[in-house]
$ cat target_14.txt   # compact mmCIF, C-alpha atoms and all ligand atoms
# COMPACT_ATOMS: atom_id res chain seq x y z
CA PRO P 1 -14.52 24.16 3.62
CA ASN P 2 -17.58 22.06 4.36
CA LEU P 3 -17.01 18.34 3.84
CA LYS P 4 -20.74 17.65 3.48
CA ALA P 5 -20.82 19.95 0.46
CA MET P 6 -18.38 17.65 -1.35
CA VAL P 7 -20.60 15.45 -3.51
CA GLY P 8 -18.17 14.25 -6.17
CA LEU P 9 -14.42 13.80 -6.53
CA PRO P 10 -13.83 16.95 -8.64
CA ASP P 11 -15.15 18.99 -5.68
CA PHE P 12 -11.99 18.08 -3.77
CA ASP P 13 -9.87 19.71 -6.48
CA TRP P 14 -11.92 22.87 -5.91
CA ALA P 15 -11.48 22.63 -2.14
CA ALA P 16 -7.72 22.09 -2.39
CA ARG P 17 -7.36 24.97 -4.85
CA ASN P 18 -9.19 27.25 -2.47
CA TYR P 19 -7.79 26.14 0.88
CA LEU P 20 -4.20 24.97 0.30
CA PRO P 21 -1.28 27.35 -0.18
CA LEU P 22 -0.93 27.89 -3.94
CA LEU P 23 2.47 26.20 -4.16
CA ASN P 24 1.19 23.07 -2.41
CA TYR P 25 -1.88 22.87 -4.63
CA THR P 26 0.25 23.44 -7.71
CA TYR P 27 2.58 20.59 -6.78
CA TYR P 28 -0.37 18.18 -6.70
CA ARG P 29 -2.17 19.58 -9.71
CA ASN P 30 0.87 19.81 -12.02
CA GLY P 31 1.10 18.02 -15.34
CA ALA P 32 4.19 17.82 -17.57
CA ALA P 33 4.88 20.55 -20.12
CA GLY P 34 1.77 21.59 -22.11
CA GLU P 35 -0.31 19.20 -19.98
CA SER P 36 -1.92 17.46 -22.95
CA SER P 37 -1.49 14.06 -21.27
CA TYR P 38 -2.94 15.47 -18.07
CA ARG P 39 -6.01 16.75 -19.96
CA ASN P 40 -6.29 13.62 -22.10
CA ASN P 41 -6.32 11.45 -18.96
CA LEU P 42 -9.52 13.26 -17.93
CA GLU P 43 -11.10 13.75 -21.35
CA VAL P 44 -10.49 10.33 -22.86
CA PHE P 45 -13.30 8.86 -20.76
CA GLY P 46 -15.75 11.19 -22.52
CA ARG P 47 -14.78 9.82 -25.92
CA TYR P 48 -15.94 6.29 -25.12
CA THR P 49 -19.55 5.49 -24.32
CA PHE P 50 -21.27 2.49 -22.80
CA ILE P 51 -23.54 0.00 -24.50
CA PRO P 52 -25.99 -0.30 -21.58
CA GLU P 53 -28.41 -3.15 -20.99
CA VAL P 54 -31.90 -2.51 -19.64
CA MET P 55 -34.39 -4.65 -17.73
CA ASN P 56 -31.72 -6.37 -15.60
CA ASP P 57 -32.09 -6.85 -11.83
CA VAL P 58 -29.58 -4.39 -10.45
CA THR P 59 -30.78 -4.23 -6.83
CA LYS P 60 -27.85 -6.17 -5.39
CA ILE P 61 -24.99 -4.42 -7.14
CA GLU P 62 -23.59 -2.87 -3.94
CA GLU P 63 -22.83 -6.33 -2.58
CA SER P 64 -20.63 -7.00 -5.61
CA LEU P 65 -18.07 -4.23 -4.98
CA PRO P 66 -15.56 -6.29 -2.93
CA THR P 67 -12.63 -7.74 -4.84
CA THR P 68 -9.17 -9.18 -4.39
CA ILE P 69 -5.84 -7.62 -5.25
CA LEU P 70 -2.96 -10.12 -5.36
CA GLY P 71 -5.12 -12.40 -3.26
CA HIS P 72 -5.93 -9.84 -0.55
CA ASN P 73 -9.55 -8.89 0.14
CA PHE P 74 -10.74 -5.31 -0.26
CA SER P 75 -14.16 -3.68 -0.16
CA ALA P 76 -13.94 -2.12 -3.64
CA PRO P 77 -11.91 -2.26 -6.89
CA PHE P 78 -10.08 1.03 -6.35
CA TYR P 79 -7.09 2.09 -4.27
CA ILE P 80 -5.01 5.08 -3.18
CA SER P 81 -2.17 5.54 -5.71
CA PRO P 82 1.28 6.44 -4.43
CA CYS P 83 1.79 10.21 -4.41
CA ALA P 84 4.76 11.99 -2.88
CA TYR P 85 4.66 14.52 -0.04
CA GLY P 86 1.42 14.10 1.87
CA LEU P 87 2.53 16.95 4.10
CA TYR P 88 1.59 19.46 1.39
CA GLY P 89 -2.05 18.58 2.01
CA HIS P 90 -2.28 18.16 5.79
CA PRO P 91 0.02 18.19 8.86
CA ASN P 92 -0.75 14.49 9.49
CA ALA P 93 0.33 13.74 5.93
CA GLU P 94 0.18 10.01 5.03
CA ALA P 95 -1.26 9.06 8.42
CA ASN P 96 -4.65 10.14 7.05
CA PHE P 97 -4.33 7.86 4.02
CA VAL P 98 -3.32 4.73 5.92
CA LYS P 99 -6.05 5.23 8.53
CA GLY P 100 -8.70 6.30 6.00
CA ALA P 101 -7.90 3.25 3.85
CA ALA P 102 -8.34 1.04 6.95
CA VAL P 103 -11.78 2.49 7.68
CA GLY P 104 -12.86 2.22 4.03
CA LYS P 105 -11.17 -1.20 3.66
CA ILE P 106 -9.35 -0.32 0.47
CA LEU P 107 -5.73 -0.70 -0.56
CA TYR P 108 -3.25 2.09 0.09
CA ILE P 109 0.13 2.24 -1.65
CA PRO P 110 2.39 4.80 0.05
CA SER P 111 4.95 6.60 -2.11
CA GLY P 112 8.68 6.04 -1.72
CA TYR P 113 8.87 9.82 -1.45
CA ALA P 114 6.27 10.17 1.29
CA SER P 115 6.52 12.78 4.03
CA LEU P 116 6.59 9.99 6.64
CA SER P 117 9.11 7.15 6.57
CA ILE P 118 8.24 3.62 5.44
CA GLU P 119 8.41 2.51 9.07
CA GLU P 120 6.19 5.35 10.34
CA ILE P 121 3.47 4.68 7.76
CA HIS P 122 3.30 0.91 8.19
CA ALA P 123 3.32 1.25 11.99
CA LEU P 124 -0.03 3.06 11.69
CA LYS P 125 -1.79 0.11 10.04
CA ALA P 126 -4.90 -1.36 11.61
CA GLU P 127 -4.79 -5.02 12.56
CA GLY P 128 -4.76 -7.16 9.43
CA GLN P 129 -4.63 -4.11 7.12
CA VAL P 130 -2.88 -4.79 3.83
CA VAL P 131 -0.63 -1.98 2.58
CA PHE P 132 1.79 -2.20 -0.35
CA GLN P 133 4.89 0.00 -0.71
CA GLN P 134 5.98 1.96 -3.79
CA LEU P 135 9.71 2.44 -4.30
CA TYR P 136 11.91 4.40 -6.61
CA LEU P 137 15.10 2.49 -7.24
CA THR P 138 18.56 3.39 -8.35
CA THR P 139 21.16 0.98 -9.70
CA ASN P 140 22.90 1.03 -6.34
CA ASP P 141 22.12 -2.54 -5.19
CA THR P 142 23.02 -1.89 -1.57
CA GLU P 143 20.47 0.92 -1.37
CA THR P 144 17.87 -1.17 -3.18
CA GLN P 145 18.38 -4.14 -0.86
CA SER P 146 18.05 -1.85 2.12
CA LEU P 147 14.72 -0.40 0.81
CA PHE P 148 13.41 -3.92 0.14
CA ASP P 149 14.44 -5.12 3.60
CA ARG P 150 13.01 -2.07 5.34
CA SER P 151 9.68 -2.47 3.48
CA LYS P 152 9.52 -6.14 4.38
CA ALA P 153 10.42 -5.52 8.03
CA ALA P 154 7.83 -2.73 8.22
CA GLY P 155 5.20 -5.22 7.05
CA ALA P 156 4.53 -4.23 3.42
CA ASP P 157 2.59 -6.94 1.57
CA ALA P 158 3.91 -6.15 -1.92
CA LEU P 159 6.24 -3.70 -3.61
CA VAL P 160 5.49 -1.36 -6.48
CA PHE P 161 8.36 -0.47 -8.77
CA THR P 162 7.62 2.70 -10.75
CA VAL P 163 9.24 2.64 -14.19
CA ASP P 164 7.71 5.64 -15.94
CA ALA P 165 9.81 8.31 -14.26
CA PRO P 166 13.42 7.93 -15.38
CA ILE P 167 14.41 11.31 -14.00
CA PHE P 168 17.87 10.21 -12.96
CA GLY P 169 20.33 8.59 -15.31
CA SER P 170 20.39 5.51 -13.17
CA ARG P 171 16.70 4.91 -13.79
CA HIS P 172 16.88 4.87 -17.58
CA ARG P 173 17.73 1.23 -17.51
CA ALA P 174 14.56 0.43 -15.61
CA ALA P 175 12.47 2.68 -17.84
CA ARG P 176 13.50 0.54 -20.84
CA LEU P 177 12.21 -2.35 -18.86
CA ASP P 178 15.25 -4.07 -18.80
CA TRP P 179 13.62 -7.27 -17.70
CA ASP P 180 16.91 -8.82 -16.55
CA TYR P 181 17.02 -6.03 -14.03
CA TYR P 182 13.49 -6.90 -12.95
CA HIS P 183 14.52 -10.53 -12.35
CA LYS P 184 17.50 -9.36 -10.37
CA LEU P 185 15.21 -7.25 -8.20
CA GLN P 186 12.74 -10.08 -7.74
CA ASN P 187 15.63 -12.25 -6.51
CA MET P 188 16.41 -9.69 -3.84
CA THR P 189 13.05 -10.07 -2.02
CA ASP P 190 10.26 -12.57 -1.51
CA LEU P 191 7.61 -9.82 -1.78
CA PRO P 192 5.80 -9.62 -5.14
CA ILE P 193 7.06 -6.69 -7.24
CA ILE P 194 4.38 -4.91 -9.26
CA VAL P 195 5.55 -2.86 -12.27
CA LYS P 196 3.89 0.57 -12.44
CA GLY P 197 4.00 2.71 -15.55
CA ILE P 198 3.23 0.35 -18.46
CA MET P 199 2.19 2.41 -21.50
CA SER P 200 1.91 -0.07 -24.38
CA ALA P 201 0.44 -3.47 -25.22
CA LYS P 202 3.94 -4.56 -26.20
CA ASP P 203 5.35 -3.88 -22.73
CA ALA P 204 2.30 -5.46 -21.10
CA LYS P 205 3.01 -8.65 -23.06
CA LYS P 206 6.68 -8.52 -22.04
CA ALA P 207 5.64 -8.16 -18.41
CA VAL P 208 3.55 -11.31 -18.74
CA GLU P 209 6.42 -13.19 -20.43
CA ASN P 210 8.56 -12.19 -17.47
CA LYS P 211 5.96 -13.43 -14.98
CA VAL P 212 5.30 -10.09 -13.33
CA PRO P 213 2.49 -10.66 -10.76
CA ALA P 214 0.74 -7.39 -11.61
CA ILE P 215 1.17 -4.29 -13.75
CA VAL P 216 -0.20 -0.76 -13.51
CA LEU P 217 -1.14 1.00 -16.75
CA SER P 218 -0.17 4.55 -15.92
CA ASN P 219 1.41 7.67 -17.33
CA HIS P 220 2.07 9.01 -13.82
CA GLY P 221 -0.95 11.29 -13.90
CA GLY P 222 0.41 13.08 -16.98
CA ARG P 223 3.34 14.38 -14.94
CA GLN P 224 6.27 12.81 -16.77
CA LEU P 225 6.04 12.47 -20.54
CA ASP P 226 3.64 14.88 -22.17
CA GLY P 227 2.20 12.88 -25.03
CA ALA P 228 2.11 9.60 -23.12
CA PRO P 229 -1.12 7.65 -23.73
CA SER P 230 -3.84 7.38 -21.11
CA ALA P 231 -4.48 4.11 -19.26
CA LEU P 232 -7.82 3.68 -21.10
CA GLU P 233 -6.12 3.92 -24.50
CA VAL P 234 -3.47 1.42 -23.43
CA ALA P 235 -6.12 -0.93 -22.02
CA ILE P 236 -8.00 -0.79 -25.36
CA ASP P 237 -4.77 -1.59 -27.24
CA ILE P 238 -4.13 -4.56 -24.96
CA TYR P 239 -7.72 -5.73 -25.44
CA LYS P 240 -7.28 -5.56 -29.24
CA GLU P 241 -3.74 -6.93 -29.51
CA ALA P 242 -3.35 -9.30 -26.57
CA PRO P 243 -6.57 -9.71 -24.53
CA GLU P 244 -5.10 -12.76 -22.77
CA VAL P 245 -2.87 -10.37 -20.78
CA PHE P 246 -5.86 -9.53 -18.56
CA ASN P 247 -6.04 -13.17 -17.46
CA GLN P 248 -2.32 -13.80 -17.25
CA THR P 249 -1.44 -11.06 -14.80
CA GLU P 250 -3.42 -8.64 -12.63
CA VAL P 251 -3.81 -5.38 -14.51
CA PHE P 252 -4.40 -2.14 -12.61
CA ALA P 253 -4.78 1.32 -14.15
CA ASP P 254 -4.66 4.94 -13.06
CA GLY P 255 -4.80 8.49 -14.38
CA GLY P 256 -7.74 10.87 -14.51
CA VAL P 257 -10.24 8.55 -12.82
CA ARG P 258 -12.77 10.92 -11.24
CA TYR P 259 -16.19 9.31 -11.78
CA GLY P 260 -17.62 5.86 -11.24
CA THR P 261 -18.14 5.64 -14.99
CA ASP P 262 -14.40 6.21 -15.63
CA ALA P 263 -13.56 3.24 -13.45
CA LEU P 264 -16.27 1.08 -15.06
CA LYS P 265 -14.82 1.71 -18.53
CA LEU P 266 -11.44 0.41 -17.38
CA LEU P 267 -12.97 -2.53 -15.51
CA ALA P 268 -14.98 -3.43 -18.63
CA LEU P 269 -11.75 -4.10 -20.52
CA GLY P 270 -10.40 -6.42 -17.84
CA VAL P 271 -8.66 -4.06 -15.45
CA LYS P 272 -8.90 -5.50 -11.91
CA ALA P 273 -8.71 -2.29 -9.88
CA VAL P 274 -8.16 1.41 -10.56
CA GLY P 275 -5.91 3.84 -8.72
CA LEU P 276 -6.76 7.40 -7.75
CA GLY P 277 -3.99 9.88 -7.04
CA ARG P 278 -4.93 13.55 -6.95
CA PRO P 279 -8.48 13.11 -5.58
CA PHE P 280 -6.99 11.60 -2.40
CA MET P 281 -4.18 14.16 -2.19
CA TYR P 282 -6.80 16.93 -2.44
CA SER P 283 -9.16 15.24 0.04
CA ASN P 284 -6.43 15.45 2.67
CA VAL P 285 -7.27 19.15 3.04
CA PHE P 286 -10.08 17.74 5.26
CA GLY P 287 -7.75 15.25 6.96
CA GLN P 288 -8.72 11.61 7.45
CA GLU P 289 -12.43 12.39 7.16
CA GLY P 290 -11.88 13.75 3.67
CA VAL P 291 -10.10 10.55 2.66
CA GLU P 292 -12.98 8.48 4.05
CA ARG P 293 -15.50 10.66 2.25
CA VAL P 294 -13.80 10.10 -1.14
CA ILE P 295 -13.89 6.35 -0.57
CA GLU P 296 -17.56 6.46 0.40
CA LEU P 297 -18.55 8.68 -2.53
CA PHE P 298 -16.66 6.59 -5.05
CA LYS P 299 -18.19 3.34 -3.82
CA LYS P 300 -21.65 4.87 -4.19
CA GLU P 301 -20.86 6.09 -7.70
CA LEU P 302 -19.56 2.71 -8.76
CA ALA P 303 -22.78 1.06 -7.57
CA VAL P 304 -25.14 3.66 -9.05
CA ASP P 305 -23.30 3.91 -12.36
CA GLY P 306 -22.94 0.14 -12.61
CA ALA P 307 -26.67 -0.27 -12.05
CA ASN P 308 -27.41 2.29 -14.75
CA VAL P 309 -25.16 0.43 -17.18
CA GLY P 310 -27.37 -2.58 -16.42
CA LEU P 311 -25.05 -4.65 -14.27
CA GLY P 312 -26.55 -7.07 -11.78
CA SER P 313 -23.05 -7.42 -10.34
CA LEU P 314 -19.89 -5.44 -10.93
CA LYS P 315 -18.30 -8.77 -11.87
CA ASP P 316 -20.59 -8.95 -14.93
CA ILE P 317 -18.89 -6.02 -16.62
CA ASN P 318 -17.10 -7.02 -19.82
CA PRO P 319 -15.93 -5.41 -23.09
CA GLY P 320 -19.43 -5.88 -24.58
CA PHE P 321 -20.61 -2.97 -22.41
CA LEU P 322 -18.14 -0.54 -24.02
CA ASN P 323 -18.38 1.00 -27.49
CA LEU P 324 -14.80 0.89 -28.71
CA SER P 325 -15.30 3.47 -31.48
CA PRO P 326 -14.41 6.82 -29.96
CA ASN P 327 -16.48 9.91 -30.66
CA ASN P 328 -14.57 13.03 -31.59
CA TRP P 329 -16.57 15.79 -30.04
CA HIS P 330 -13.87 16.77 -27.57
C1 LIG C 401 2.23 11.10 -8.25
N1 LIG C 401 2.49 9.82 -8.76
C2 LIG C 401 3.48 9.07 -8.18
N2 LIG C 401 3.68 7.78 -8.57
C3 LIG C 401 4.60 7.01 -7.97
O1 LIG C 401 4.73 5.85 -8.33
N3 LIG C 401 5.38 7.52 -6.97
C4 LIG C 401 5.26 8.80 -6.53
O2 LIG C 401 5.96 9.21 -5.62
C5 LIG C 401 4.30 9.62 -7.17
N4 LIG C 401 4.16 10.92 -6.79
C6 LIG C 401 3.09 11.64 -7.26
C7 LIG C 401 2.83 12.90 -6.74
C8 LIG C 401 1.71 13.60 -7.15
C9 LIG C 401 1.42 14.94 -6.54
C10 LIG C 401 0.84 13.06 -8.11
C11 LIG C 401 -0.40 13.78 -8.56
C12 LIG C 401 1.12 11.82 -8.66
C13 LIG C 401 1.59 9.21 -9.75
C14 LIG C 401 0.40 8.54 -9.09
O3 LIG C 401 0.77 7.34 -8.45
C15 LIG C 401 -0.66 8.15 -10.13
O4 LIG C 401 -0.09 7.46 -11.20
C16 LIG C 401 -1.42 9.38 -10.66
O5 LIG C 401 -1.61 10.30 -9.63
C17 LIG C 401 -2.79 8.97 -11.22
O6 LIG C 401 -3.41 10.05 -11.80
P1 LIG C 401 -4.52 10.96 -11.06
O7 LIG C 401 -5.47 10.05 -10.36
O8 LIG C 401 -3.77 11.86 -10.13
O9 LIG C 401 -5.13 11.71 -12.20

$ encode --input "target_14.txt" --output "structure tokens"
Amino acid sequence: PNLKAMVGLPDFDWAARNYLPLLNYTYYRNGAAGESSYRNNLEVFGRYTFIPEVMNDVTKIEESLPTTILGHNFSAPFYISPCAYGLYGHPNAEANFVKGAAVGKILYIPSGYASLSIEEIHALKAEGQVVFQQLYLTTNDTETQSLFDRSKAAGADALVFTVDAPIFGSRHRAARLDWDYYHKLQNMTDLPIIVKGIMSAKDAKKAVENKVPAIVLSNHGGRQLDGAPSALEVAIDIYKEAPEVFNQTEVFADGGVRYGTDALKLLALGVKAVGLGRPFMYSNVFGQEGVERVIELFKKELAVDGANVGLGSLKDINPGFLNLSPNNWH
């Protein structure tokens, strides 16, 4: 496939479908059961429209893309979400994500089920590059301590604990957000532990009460519980029920983000950065260059779409730019 012909993120889905072995593509593309959460993740963005402002000076918007995530500087408010098995997309697997993220100066969060080991991935970092580490945990404390220690020794700057995938019995406890368990984990490492997979305003509030440094609103790309709400719906609920959450912890969100406008709708509500999963997995069909191209395209979209919404700076986005009454034409 021709990388130059890729002009938007959905094009990478097309490329992966056409150029990866069917089983590999299917692994990435999969949603749970009837895939209604998978589809809703994509379609929900079409149900909410902007309230744009005109006659604003928008010429400098590109300069406003850089942001911080847990105090670390990045060139844009989006990152590579943790997805298992990079090898299904390219022989260099996760090496392309860590190097592509370095070139594009965005955050990469490798999966605990990556094709390369924690040590191999972090060894590929550029000087000063910040990379977090996602982990799946069991209730075996010795194993957990070893994963924490390995991540720290490898140079991870934060850990991401995924709680929306209680596939094994041992994870059910975490999925109920047993917050005592969270405190126990936080006592086992000095790295910040982000909780990924928050799906309600109630749990977001509990995370804040328990002093979690950051949360990710996510239904795992619609791959776990069919019928789980999308990040945008959860962000709207938080905005309505407990808007202070957005100031009390860093809130990230993922699922179905494919266009600059999707990201802007989440940012408008107070989300600090958005994660993209499948678009990066698909882009790996082109290797590192594909990863870099997605970053470049998405930065451009954020700037162009932000300007069209009427933003002088991306930092000016706020809930006033979003019409919270959904249309029902989908
Ligand atoms: C995932 N996701 C995921 N999450 C996680 O915390 N650990 C993991 O190992 C994986 N593995 C994984 C594999 C594949 C193939 C996909 C598509 C997703 C979920 C991922 O981090 C993120 O939440 C979603 O991918 C976001 O949705 P989009 O951008 O793929 O629509």

$ residues_near_ligand --input "target_14.txt" --ligand "ligand LIG 401 (chain C)" --cutoff "6 Å" --atoms "only C-alpha atoms and all ligand atoms" --output "ChimeraX atom specification"
/P:27-28,81-84,111-113,162,218,220-221,254-257,276-278

$ residues_around --input "target_14.txt" --residues "Asp149 of chain P" --least-positions-apart "4" --cutoff "10 Å" --atoms "only C-alpha atoms" --output "PyMOL selection string"
chain P and resi 143-145+153-156+188-191

$ axis_aligned_box --input "target_14.txt" --around "segment 133-144 of chain P" --padding-each-side "6 Å" --output "lines of an AutoDock Vina configuration file"
center_x = 14.0
center_y = 0.9
center_z = -5.2
size_x = 30.1
size_y = 18.9
size_z = 21.0

$ closest_residue --input "target_14.txt" --among "P:Leu116, P:Leu185, P:Leu23, P:Ala15" --to "Thr142 of chain P" --atoms "all atoms listed in the file"
P:Leu185

$ residues_around --input "target_14.txt" --residues "Gln248 of chain P" --least-positions-apart "5" --cutoff "9 Å" --atoms "all atoms listed in the file" --output "MDAnalysis selection string"
chainID P and resid 208 211 213

$ residues_around --input "target_14.txt" --residues "Glu127 of chain P" --least-positions-apart "5" --cutoff "12 Å" --atoms "only C-alpha atoms" --output "list in words"
Val98, Lys99, Ala102, Val103, Lys105, His122 and Gly155 of chain P

$ residues_near_point --input "target_14.txt" --point "(-5.6, 9.7, -1.2)" --cutoff "9 Å" --atoms "all atoms listed in the file" --output "list in words"
Tyr79, Ile80, Ser81, Pro82, Cys83, Gly86, Glu94, Asn96, Phe97, Val98, Gly100, Ala101, Tyr108, Leu276, Gly277, Arg278, Pro279, Phe280, Met281, Tyr282, Ser283, Asn284, Gly290, Val291, Val294 and Ile295 of chain P

$ residues_around --input "target_14.txt" --residues "segment 298-304 of chain P" --least-positions-apart "3" --cutoff "9 Å" --atoms "all atoms listed in the file" --output "PDB file with C-alpha atoms, in the coordinates of the input"
ATOM      1  CA  GLY P   8     -18.170  14.250  -6.170  1.00  0.00           C
ATOM      2  CA  LEU P   9     -14.420  13.800  -6.530  1.00  0.00           C
ATOM      3  CA  ILE P  61     -24.990  -4.420  -7.140  1.00  0.00           C
ATOM      4  CA  GLU P  62     -23.590  -2.870  -3.940  1.00  0.00           C
ATOM      5  CA  GLU P  63     -22.830  -6.330  -2.580  1.00  0.00           C
ATOM      6  CA  SER P  64     -20.630  -7.000  -5.610  1.00  0.00           C
ATOM      7  CA  LEU P  65     -18.070  -4.230  -4.980  1.00  0.00           C
ATOM      8  CA  SER P  75     -14.160  -3.680  -0.160  1.00  0.00           C
ATOM      9  CA  ALA P  76     -13.940  -2.120  -3.640  1.00  0.00           C
ATOM     10  CA  PRO P  77     -11.910  -2.260  -6.890  1.00  0.00           C
ATOM     11  CA  PHE P  78     -10.080   1.030  -6.350  1.00  0.00           C
ATOM     12  CA  ARG P 258     -12.770  10.920 -11.240  1.00  0.00           C
ATOM     13  CA  TYR P 259     -16.190   9.310 -11.780  1.00  0.00           C
ATOM     14  CA  GLY P 260     -17.620   5.860 -11.240  1.00  0.00           C
ATOM     15  CA  THR P 261     -18.140   5.640 -14.990  1.00  0.00           C
ATOM     16  CA  ALA P 263     -13.560   3.240 -13.450  1.00  0.00           C
ATOM     17  CA  LEU P 264     -16.270   1.080 -15.060  1.00  0.00           C
ATOM     18  CA  ARG P 293     -15.500  10.660   2.250  1.00  0.00           C
ATOM     19  CA  VAL P 294     -13.800  10.100  -1.140  1.00  0.00           C
ATOM     20  CA  ILE P 295     -13.890   6.350  -0.570  1.00  0.00           C
ATOM     21  CA  ALA P 307     -26.670  -0.270 -12.050  1.00  0.00           C
ATOM     22  CA  ASN P 308     -27.410   2.290 -14.750  1.00  0.00           C
ATOM     23  CA  VAL P 309     -25.160   0.430 -17.180  1.00  0.00           C
ATOM     24  CA  SER P 313     -23.050  -7.420 -10.340  1.00  0.00           C
ATOM     25  CA  LEU P 314     -19.890  -5.440 -10.930  1.00  0.00           C
TER      26      LEU P 314
END

$ closest_residue --input "target_14.txt" --among "P:Lys205, P:Arg223, P:His90, P:Lys196" --to "Arg29 of chain P" --atoms "only C-alpha atoms"
P:Arg223

$ atom_distance --input "target_14.txt" --atom1 "atom CA of Val54 of chain P" --atom2 "atom CA of Leu311 of chain P"
9.0 Å

$ residues_around --input "target_14.txt" --residues "Tyr182 of chain P" --least-positions-apart "3" --cutoff "9 Å" --atoms "only C-alpha atoms" --output "PDB file with C-alpha atoms, in the coordinates of the input"
ATOM      1  CA  ALA P 174      14.560   0.430 -15.610  1.00  0.00           C
ATOM      2  CA  LEU P 177      12.210  -2.350 -18.860  1.00  0.00           C
ATOM      3  CA  ASP P 178      15.250  -4.070 -18.800  1.00  0.00           C
ATOM      4  CA  TRP P 179      13.620  -7.270 -17.700  1.00  0.00           C
ATOM      5  CA  LEU P 185      15.210  -7.250  -8.200  1.00  0.00           C
ATOM      6  CA  GLN P 186      12.740 -10.080  -7.740  1.00  0.00           C
ATOM      7  CA  ASN P 187      15.630 -12.250  -6.510  1.00  0.00           C
ATOM      8  CA  ILE P 193       7.060  -6.690  -7.240  1.00  0.00           C
ATOM      9  CA  VAL P 195       5.550  -2.860 -12.270  1.00  0.00           C
ATOM     10  CA  ASN P 210       8.560 -12.190 -17.470  1.00  0.00           C
ATOM     11  CA  VAL P 212       5.300 -10.090 -13.330  1.00  0.00           C
TER      12      VAL P 212
END

$ closest_residue --input "target_14.txt" --among "P:Ser117, P:Asn41, P:Asn328, P:Thr138" --to "Val163 of chain P" --atoms "only C-alpha atoms"
P:Thr138

$ atom_distance --input "target_14.txt" --atom1 "atom CA of Thr49 of chain P" --atom2 "atom CA of Lys265 of chain P"
8.4 Å

$ closest_residue --input "target_14.txt" --among "P:Glu119, P:Glu53, P:Glu233, P:Glu289" --to "Asn219 of chain P" --atoms "all atoms listed in the file"
P:Glu233

$ closest_residue --input "target_14.txt" --among "P:Asp226, P:Ile106, P:Gly306, P:Ala242" --to "Glu35 of chain P" --atoms "all atoms listed in the file"
P:Asp226

$ closest_residue --input "target_14.txt" --among "P:Gly222, P:Gly128, P:Gly287, P:Pro243" --to "Ala95 of chain P" --atoms "all atoms listed in the file"
P:Gly287

$ atom_distance --input "target_14.txt" --atom1 "atom CA of Leu137 of chain P" --atom2 "atom CA of Ala235 of chain P"
26.1 Å

$ decode --input "target_14.txt" --residues "segment 307-330 of chain P" --atoms "C-alpha atoms" --output "PDB file, in the first residue's frame"
ATOM      1  CA  ALA P 307      -9.596  26.438  14.113  1.00  0.00           C
ATOM      2  CA  ASN P 308     -12.927  25.682  12.466  1.00  0.00           C
ATOM      3  CA  VAL P 309     -14.586  25.383  15.863  1.00  0.00           C
ATOM      4  CA  GLY P 310     -13.240  28.896  16.470  1.00  0.00           C
ATOM      5  CA  LEU P 311     -10.439  28.184  18.903  1.00  0.00           C
ATOM      6  CA  GLY P 312      -7.528  30.601  19.084  1.00  0.00           C
ATOM      7  CA  SER P 313      -5.770  27.976  21.192  1.00  0.00           C
ATOM      8  CA  LEU P 314      -6.602  24.364  21.903  1.00  0.00           C
ATOM      9  CA  LYS P 315      -6.491  25.331  25.581  1.00  0.00           C
ATOM     10  CA  ASP P 316      -9.572  27.536  25.037  1.00  0.00           C
ATOM     11  CA  ILE P 317     -11.836  24.567  24.410  1.00  0.00           C
ATOM     12  CA  ASN P 318     -14.502  24.177  27.087  1.00  0.00           C
ATOM     13  CA  PRO P 319     -17.970  22.617  27.487  1.00  0.00           C
ATOM     14  CA  GLY P 320     -19.559  25.758  25.989  1.00  0.00           C
ATOM     15  CA  PHE P 321     -18.348  24.594  22.565  1.00  0.00           C
ATOM     16  CA  LEU P 322     -20.327  21.343  22.765  1.00  0.00           C
ATOM     17  CA  ASN P 323     -24.094  20.930  22.370  1.00  0.00           C
ATOM     18  CA  LEU P 324     -24.947  18.378  25.038  1.00  0.00           C
ATOM     19  CA  SER P 325     -28.335  17.440  23.537  1.00  0.00           C
ATOM     20  CA  PRO P 326     -27.684  14.471  21.272  1.00  0.00           C
ATOM     21  CA  ASN P 327     -29.340  14.195  17.880  1.00  0.00           C
ATOM     22  CA  ASN P 328     -30.904  10.863  17.055  1.00  0.00           C
ATOM     23  CA  TRP P 329     -30.306  10.492  13.369  1.00  0.00           C
ATOM     24  CA  HIS P 330     -27.972   7.535  13.745  1.00  0.00           C
TER      25      HIS P 330
END
